[in-house]
Structures are given as structure tokens and as C-alpha cells.
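> Sending over a structure as C-alpha cells; questions will come in a sec.
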Amino acid sequence: MRTFKLSLLASVVALAATGCASDSSRSNAQADQRLADVLAANLGVNYQVVTNHGANEGLKCRELAAEWASCDLINLTLTNNGPALTDTDWKIYFHSIRMILDVQNEQFKVTHVTGDLHTLEPTDKFQGFDAGESVVIPYIGEYWTLFENDYMPRAYVVAGDSEPKTLVSMDSEDPSAYLSAIDGENWKRTPSDNNTLATAQSRFEKNSDVDLLAKEELAGTIIPTPMETHLTGSSVSLSEGISIDNQALTTPMLKAATERMATLGVNTQGQYPVKLELDPQRFDKAHKVSGAYKLEINKGKATITGYDSQGAFYGLQSLMSLMGTGTDQTIPTLTVNDAPRFDYRGVMVDVGRNFHSKEAILRTLDQMAAYKMNKFHFHLTDDEGWRIEIPGLPELTEIGGQRCHDLSETTCLLPQLGSGPDNNNFGSGFYSKQDYLDILTYAKARGIEVIPEIDMPAHSRAAVVAMEARYRRLAAEGNLAAASQYRLMDPQDTSNVTTVQFYDKRSFINPCMDSSLNFVDKVISEMAAMHKQAGMPLNTWHFGGDEAKNIKLGAGFQDVNATDQVEWKGDLDLSQQDKPFAKSPMCQQAIADGVVSDFAHLPSYFAEKVSKVVADKGIANFQAWQDGLKYSEGADAFATDNVRVNFWDVLYWGGGASAYDWAAKGYDLILSNPDYVYMDMPYEVDPQERGYYWATRATDTRKMFGFAPENLPQNAETSVDRDGNGFSSKGTAQFDGFHGLSAQLWSETVRTDEQYEYMVFPRVLAAAERAWHQASWERDYQPGVEYSQSTQYVDKVALHSDWSQFANLLGQRELAKLDVAGIQYRVPVPGAKVEGGVLHMNISMPGLALQYSTDAGATWQTYDAKRKPAITGDVEVRAMSADRQRFSRSVTL
């Protein structure tokens, strides 16, 4: 029999009843707050993955409407570390990136609020919590949860009308505080998952083909690799500093370059002469492109000749690339002839899902310039946040740039992605106009074009909610005309839609409303004005355009009443699902008028309309994610001079062919493949790594380095799909060349600047290498040539040799430069094995120091490969950053 538990709330209310009746409401409020405070302080939370293979374990995934009939079973345990209670008027708001399909404890129910926000609350069968009692709440979620960061922090509790309080047990960026280790076979997506789990042993085997190279073998090497480098047999010391004779760079560009030199410890008031000049006539036809340069280093001086000022700037970066960070700045004499491979060498950073500080952005721009990347794609808005101040539309940042617990969403957006109930973290934030001007000015001085992305018509919830707040404010003042001027949602639209991130119809800007175009015009005008003020004319407008769909109408579902049902699709009443805008009277009228043929064509139609606004403002380039333009007939359907697409099809799902089809339609194609250059994917198959993994289970620096961006089918010979299996790929369309390559950092799992830099660095250096330099092992694309794990077309010896040198350059030289620049890059986890009682260790980037501990991390010793230590028990291993101030994750053998 359960013991009697006095309700905490009831006891507080009983004490309050001794006061005046007129104070009862205040007493109740105080009691509610007391309950919330006690629960927040004392409620322990633990998640444990029971199985990620629900369908194989007999769970009713199909009947529960799980997409592709895939589901998992999680045990959520609540432990009451405070006083006993029976109160039921409380809710825990928590974040789940998977839809929760069923709760297997009748004392509790889970309700989806919006996006990843859910509530857990007692039912009328709740039996209360004894002091010290734990209650297990098994639940079934859609798909699987393979990495620890799937479990977002900062669940919070609300009791009655109390202020929300974050659960202390979940107020941590370390998932182990509230998550049991994902163990057994649960790291596998399916039982047949063929990936290799990253362990000390598997890392050792993977690293074993990369040896430490002598310093002399790295002399004269530059990252990214030049087209031509010739060593001339001597060396020169720059330890006493250099003297720059500048006849090529603007004052801001020279300042940017000398600031980097100062960071590396180079005295720019020294004696060794470095001349910067422009002479485009010295360049042959193959090198007559922006960014081309010649570098000549002799005993007496160095001369950098740029095809243009950008080339001269890059020549100076190459001079710095030869240097280290210590006092010995001896470099070889040589000549370099160089030019970029792609015109577009980009980095995309998403600050909509989670905000990142201006300082972190500036540090990224520094490194982009150092490695000759020239396009900064700034994803400024998404469902979860609007991050740029727009004069005249204050609600965009005052409401759309903030996340907090406001169920009415009149002061902020609801919490998402582990931001919790408060706006005191990177879930909230925006760049003021001055911040943005500072970023533009900083980028311009480094030859980097800033490409703002305002995502639409999908992924626009922050804008829609903000403009609804604006509408209500002005309507209440009686100014309906002004209220309606920038409204983005048809108030009569009753479409039942679920987006990729589980939002409803308010995720979409309605393309059939004149006010939507008014909004677009206003935002572009204000952004263009800021660019003009900064002296960087707005040259490219990124429309976004991705994922304008209802995921419930995808191929992973089948109608619950269909006669031809299969076991591997989720059962759903498809008659209750709508395409976006299908129940909008305004869009229904547009269909009736023949503006477009059906609702699916509306996003592409809207893109074409926005391109006219862009062109009318003198902006030359219109850019979008390719799926946002899929119903347009080709680049000629748009009004701008050029139309660029970020191509993000996964190669093993047909992307190795479809990229060439898009290029054939006249689009300037920018390779942005999720399975190779998405930096939000984990570095390795280890549940402790950060990142989403829908496209690939791992992309480390080595995989990114080995990407062949122009011959996409070739990658089928050198890499595997997300389940660790081989695949085949071939293209059929003719090919005239791609426009560029971009590495992407989406921020759903990235909540701090430290996490941001961990995900981006050092692998973005490999993306810079591939964007600038075409390697000898990259074969020319030929239509119809098929690649797979069984073909032998690729020169893997050359690929391995190039990687070995690149890995050594990182470990022995480049990571130290990131250290002095304040970049908190990922330190690789070392490989290790104990064989014959002796510890063997290695690392993917030779040159970094290794450590081991035989007393559970109490003390650490430096590993010496020449004097391998004897080990008799458990041993813990880790690696150190180049400056020996930070450490990798440690693992125990």
C-alpha cells in the first residue's frame, strides 16, 4: 500500500488560509511558485535508450504513425529528491527532436506544443511522488536517437500560473547529467547498420596509415595548395620581422593582413622587404581570374604580384601560411603561381536556430580570409529566430529574436532546441544594425562577400509570429491599413501542415498575399541600405526556399484506410493532411485564376516573384537552396542576371546524378552536399559527438578532404552511405563546370560559441582546400561512368599521400595558428591499444601531443612513442591542443 503523502501545494495553501480572504489569490500564486521552485530544485531526470530498433523489437511503430514505421523506446525516469507531493497542477516543458507517439505510464501524458517543445504532466491517475521515489515513464518516439545531443537540456516546470523554473538537473550542456550512456547496439540506426563504432582501437587502426612527417618534408607547403610551387633550394629567416612595400592593397586590407601577422608573432616593422604589386599583364589566360597571384621568395626580398588586389591579399596569406607561430620563422625560398579553382568558396553559418556572437563571426571571417574563402553565407532567419535588426520593423528582433516561456508568443517565441524558459542564452539574440555594419566592414577588408539569407516561404515562423504581433499592435490602435501592410499569414488559412521541424502553418510566409511581397521589399531595401553604408553593395540575395512541404504527405506514410498497406510505412489518415496553403482562400483563388497549376508550385512561383524585387533593386545574383526552385523551368524563369543554387541532395540518394541536371538548367551550382560538407554532422560514429546525422553518421576532416566536388560519382569509390554501406553513382548530363563549393554549419545542436567552433574547425580547412585546389587524384567527370566500392578508378595512393601531408600540416603547424587566434577547435580523440602489456597511441593529425592516465584521470603523463609505457590495468587516453591548453575527449581502454 502506498503511504499517505501530504500535498506540498495543499500544505502551503493551508498556511496561507490563516490570512485574509483578500490575500487568497496572492497566496495561491505564492503556493504555485513554491511548488515550481521545489520541483525545479529537486526533480531528477534521466533518459535511457531501451531500443532504437522498435519495429524489430515488436513495437507498433506502423500503427502509431511513425514515418517509415521506425520508432524507439525510451525510459524517462523522474526522481523526487524533495518532499513528497500529490499535486497535479504542474507541467514539465521539455525539448524532443523526435515526435513522441505513445506514453506507457497512465499516470502521465505528453502533449506536443510546437517544434521540439512538449509538455509532460500528471493525469487523473497520478499517484504522487514519495520523497526519494523514482517513477519510470516509458515512451515511444519516432525514428531513433543515436547521439547524446539528441536529448536537449533545460526542461522547465510550471505550476499553475507560476513563473517557469528550469530543472536544475537539466541545466547543463553535458548530456551525461541527465542521460544514461547509449550502449549496446543502440548506437546503430538499424540492426544491420554497417558503420564502425569509434573506439580507441578503431581510431588506432584508422590513424595507423598516417605517420609523423619530418619538418623538412613540410617546408614550402601552403594551405590551400597552390597550382604550382617550385622550391629554389635556400631559406630565409623572417624572425627579425618584415617590411611591407604596399602598392596593391587598400588600407583596410593591409590592416587585416598585418593584424593576422601580429597574431602569428610576425613583426611588420622589421627588415626583410616584402613588395606587394598589381600587374594583371603578367598572368596567362589560365590565371586571369580574381584572386590569382604570384609569390617569389628570395634571400633578399619577397615579391607578391596580384592579378587584382584580392590576389595580392591572398599572396600575403600564402606567405603567412609558410610561417609557424614560434620564434623560428625560417621559410624556404620558392616561387608560386596560383589561382582559385572555384569563384565561390563559401562558409554558411546558421544563426537562426541558435544565435552566435558577433565576435565568433569575426573570428570565422579571419580564418576564411587566411584560407582564401570568399563567400560568407549568413543564414540570419529561421523558424526559431530572426537575427537581424530591420529599421521600421522592431517586432522582428524584439519578438522574433527572443525565446522565452510565453504561450501567447506576444513577447517572444516559445523555447526551442534546449534554450529553456529564459532569454539569457544563445537561443535569443540578434545583430543590431551597427553589429551588421561592423561584420560587413570586417568582411570587406578580407575580400569576403557577405550573402544574407532570409529564409522563405518556409522556415519563416519567427517572421510570421513577429508580424502577427505587429498586426495586433497596430490593429488595436485602429490603423488596419498599416497593420495589414506586412502581414505574412492568411488569417483564414486552416491548412493542417507539419513541417520538418514539427511546426504548423505559421512556419510559412503566404505567397499569395501582396503584403508578403511588401515585407520582402522592405527587408531587402533595408539590408541593401546597410550594405551600401558599409561600402559593400548587396550583390547576392539568398531567398532560402528549402523544405516548403508537409512531411506527413511524404513517402514514409500510407493512408490508414488503404487496401495495399505495407509494413514499412506509418499509418496515417492522409485525408486530414494538407499541402502548404491548400486551405488559404487567397491561394485557392490564385489556383482558380491559373496563376500556378497547383499548390506545390507556389514556393517556386514565390521565388520567381521575389527575384523580380531583387532585380529591380540592382542586385545581380539570386540564390536559393535548390529544392525551393524545383518547379521553375530553369534559370531563365528568374529576373536576375544570375541564379545560384546551393545543391544539397545526398549523393547516395541520387545526388551524384541530379547535380549535373541542375547545372544543365542554367543554374550556377554551389556544391553544398550534406554528406560531405555539412559541418553540423558528427565528426565520427560516437554517441558522444555532437551533430545531426540524417545525411551521414560521420564527416571528419579526412572525409571532407577526400571529397571530389566536380566528379561527384567518384565519391562512391572512396566513401560509404549513412549506414556504412557502399553505393554506386553515375551522372548522365553533360557538364560545363560548377560555380563553387560551400561548407555549412546548421545550429540546431550548437548552442554556444565554443560548440560552434568545435563543429567548424578544423574540418573547414579541408573544405577550403577542395574549394581552392583540384587534386591529382580527382578524376574528370564523364557522363555514364559509374563508380562504387568495387571500382578502382581513383588513385588512392595519391589521395593518401596528399592527406598524410595535410594531416601533418594541421598537427604540426595550422592548429597552433588557430590556438593563437582564439579558435576552440576540436582536438581529435586519439587512437590507442594495449598489446603485450604495452600502450600504443596515435592520432589523426600527427604532431599533437598525447597523454595517458593509469589512475582514472587523477594524473596525466605525456606519451612518448619511442618509450611506450607498460600497462597492467585500465588506462585513459586523450590528446592535447597544439598549445597544450585544451584536451580532447578522454576514453578508457
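Letters for chains follow the order of the C-alpha cells (A, B, ...), residue numbers begin at 1 for each chain, and ligand numbers begin at 1 in the order shown.
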With DSSP run on the backbone, what are the strand (DSSP E or B) residues within segment 439-475 of chain A? I'd like them as a tab-separated table (two decimals) with N, CA and C atoms, in the first residue's frame.

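As written to disk, states36.tsv reads:
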```tsv
chain	number	residue	atom	x	y	z
A	449	GLU	N	32.62	38.40	-49.50
A	449	GLU	CA	31.27	38.89	-49.75
A	449	GLU	C	30.33	38.28	-48.72
A	450	VAL	N	29.54	39.11	-48.07
A	450	VAL	CA	28.51	38.64	-47.14
A	450	VAL	C	27.21	38.48	-47.91
A	451	ILE	N	26.68	37.25	-47.88
A	451	ILE	CA	25.43	36.93	-48.58
A	451	ILE	C	24.36	36.66	-47.54
A	452	PRO	N	23.47	37.61	-47.30
A	452	PRO	CA	22.44	37.39	-46.29
A	452	PRO	C	21.36	36.46	-46.82
A	453	GLU	N	20.92	35.54	-45.97
A	453	GLU	CA	19.79	34.68	-46.30
A	453	GLU	C	18.64	34.99	-45.36
A	454	ILE	N	17.50	35.36	-45.93
A	454	ILE	CA	16.25	35.49	-45.20
A	454	ILE	C	15.36	34.37	-45.73
A	455	ASP	N	15.26	33.29	-44.98
A	455	ASP	CA	14.65	32.06	-45.48
A	455	ASP	C	13.14	32.24	-45.64
A	456	MET	N	12.62	31.83	-46.81
A	456	MET	CA	11.20	31.92	-47.10
A	456	MET	C	10.89	31.02	-48.30
```
> Identify, on the basis of only C-alpha atoms, every residue whose closest approach to segment 811-828 of chain A does not exceed 9 Å; exclude the query and any residue fewer than 2 positions from it along the same chain; express the result as a ChimeraX atom specification.
/A:215,223,260,263-264,321,323-325,360,363-364,366-367,753-763,806-809,830,843-848,878-883,885-889
> Please indicate the distance in Å from atom CA of Ile670 of chain A to atom CA of Gln792 of chain A, rounded to one decimal place.
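We find that atom CA of Ile670 of chain A and atom CA of Gln792 of chain A lie 27.6 Å from each other.
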> Find, counting only C-alpha atoms, the residue in A:Asp279, A:Glu384, A:Glu205, A:Glu409 that gets nearest to His840 of chain A.
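Using only C-alpha atoms, the shortest distance to His840 of chain A belongs to A:Glu205.
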> For Trp772 of chain A, find every residue with an atom within 8 Å (counting only C-alpha atoms), except residues of its own chain fewer than 3 positions away, and show them as a PyMOL selection string.
chain A and resi 224-225+339-342+345+372+768-769
> Go ahead and save the picked residues with C-alpha atoms, as an mmCIF file, in the first residue's frame.

```cif
data_model
loop_
_atom_site.group_PDB
_atom_site.id
_atom_site.type_symbol
_atom_site.label_atom_id
_atom_site.label_comp_id
_atom_site.auth_asym_id
_atom_site.auth_seq_id
_atom_site.Cartn_x
_atom_site.Cartn_y
_atom_site.Cartn_z
ATOM 1 C CA PRO A 224 45.266 25.671 -49.547
ATOM 2 C CA THR A 225 47.614 24.048 -52.042
ATOM 3 C CA ALA A 339 44.718 30.885 -58.878
ATOM 4 C CA PRO A 340 41.484 29.637 -57.327
ATOM 5 C CA ARG A 341 39.616 26.592 -58.550
ATOM 6 C CA PHE A 342 36.116 27.964 -57.857
ATOM 7 C CA ARG A 345 34.428 29.377 -51.898
ATOM 8 C CA LYS A 372 41.202 32.020 -49.122
ATOM 9 C CA ALA A 768 38.917 25.416 -48.155
ATOM 10 C CA GLU A 769 41.468 23.061 -49.714
#
```
> Can you list, as a count of residues only, all residues belonging to segment 642-881 of chain A that DSSP tags as alpha helix (DSSP H)?
61
> Can you pull out every residue within 6 Å of Ser747 of chain A, counting only C-alpha atoms, but drop anything in the same chain fewer than 3 positions away, and send it as a list in words?
Asp350, Arg353, Asn354 and Val750 of chain A
> Please compute the atom CA of Thr410 of chain A-atom CA of Ala466 of chain A distance, one decimal, in Å.
8.1 Å
> Which residues, written as a list of chain:residue names, have at least one atom at most 10 Å from Leu741 of chain A, with only C-alpha atoms counted and residues fewer than 5 positions away on the same chain left out?
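The filter keeps A:Arg341, A:Phe342, A:Asp343, A:Tyr344, A:Arg345, A:Gly346, A:Val347, A:Met373, A:Lys375, A:Asn646, A:Phe647, A:Leu669, A:Ile670, A:Leu671, A:Ser672, A:Asn673, A:Val677, A:Pro709, A:Glu710, A:Ala767, A:Ala768, A:Arg770, A:Ala771, A:Trp772.
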> If you count only C-alpha atoms, which residues fall within 7 Å of Gln623 of chain A, apart from same-chain ones fewer than 5 positions away, as an MDAnalysis selection string?
chainID A and resid 540:543 643:645
> Emit the selected residues as a short mmCIF file (atom, residue, chain, number, x, y, z; two decimals), in the first residue's frame, including N, CA, C and O atoms.

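Saved the output as selection.cif:
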```cif
data_model
loop_
_atom_site.label_atom_id
_atom_site.label_comp_id
_atom_site.auth_asym_id
_atom_site.auth_seq_id
_atom_site.Cartn_x
_atom_site.Cartn_y
_atom_site.Cartn_z
N THR A 540 24.32 39.77 -53.79
CA THR A 540 23.64 38.48 -53.85
C THR A 540 22.56 38.44 -52.79
O THR A 540 22.82 38.75 -51.62
N TRP A 541 21.36 38.05 -53.18
CA TRP A 541 20.26 37.86 -52.23
C TRP A 541 19.93 36.38 -52.15
O TRP A 541 19.68 35.74 -53.16
N HIS A 542 19.98 35.84 -50.93
CA HIS A 542 19.66 34.42 -50.74
C HIS A 542 18.23 34.30 -50.24
O HIS A 542 17.88 34.75 -49.16
N PHE A 543 17.42 33.66 -51.04
CA PHE A 543 15.98 33.52 -50.80
C PHE A 543 15.66 32.40 -49.82
O PHE A 543 14.60 32.38 -49.20
N VAL A 643 21.43 33.10 -61.43
CA VAL A 643 20.66 32.37 -60.43
C VAL A 643 21.54 31.23 -59.91
O VAL A 643 21.97 30.37 -60.68
N ARG A 644 21.81 31.27 -58.61
CA ARG A 644 22.67 30.27 -57.99
C ARG A 644 21.83 29.34 -57.12
O ARG A 644 20.87 29.77 -56.49
N VAL A 645 22.22 28.09 -57.08
CA VAL A 645 21.56 27.15 -56.20
C VAL A 645 22.59 26.46 -55.31
O VAL A 645 23.65 26.06 -55.79
#
```
> For a quick check of understanding, using only C-alpha atoms, which of A:His95, A:Lys109, A:Lys165, A:Lys665 has the smallest distance to Ala40 of chain A?
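Result for the nearest residue to Ala40 of chain A: A:Lys165.
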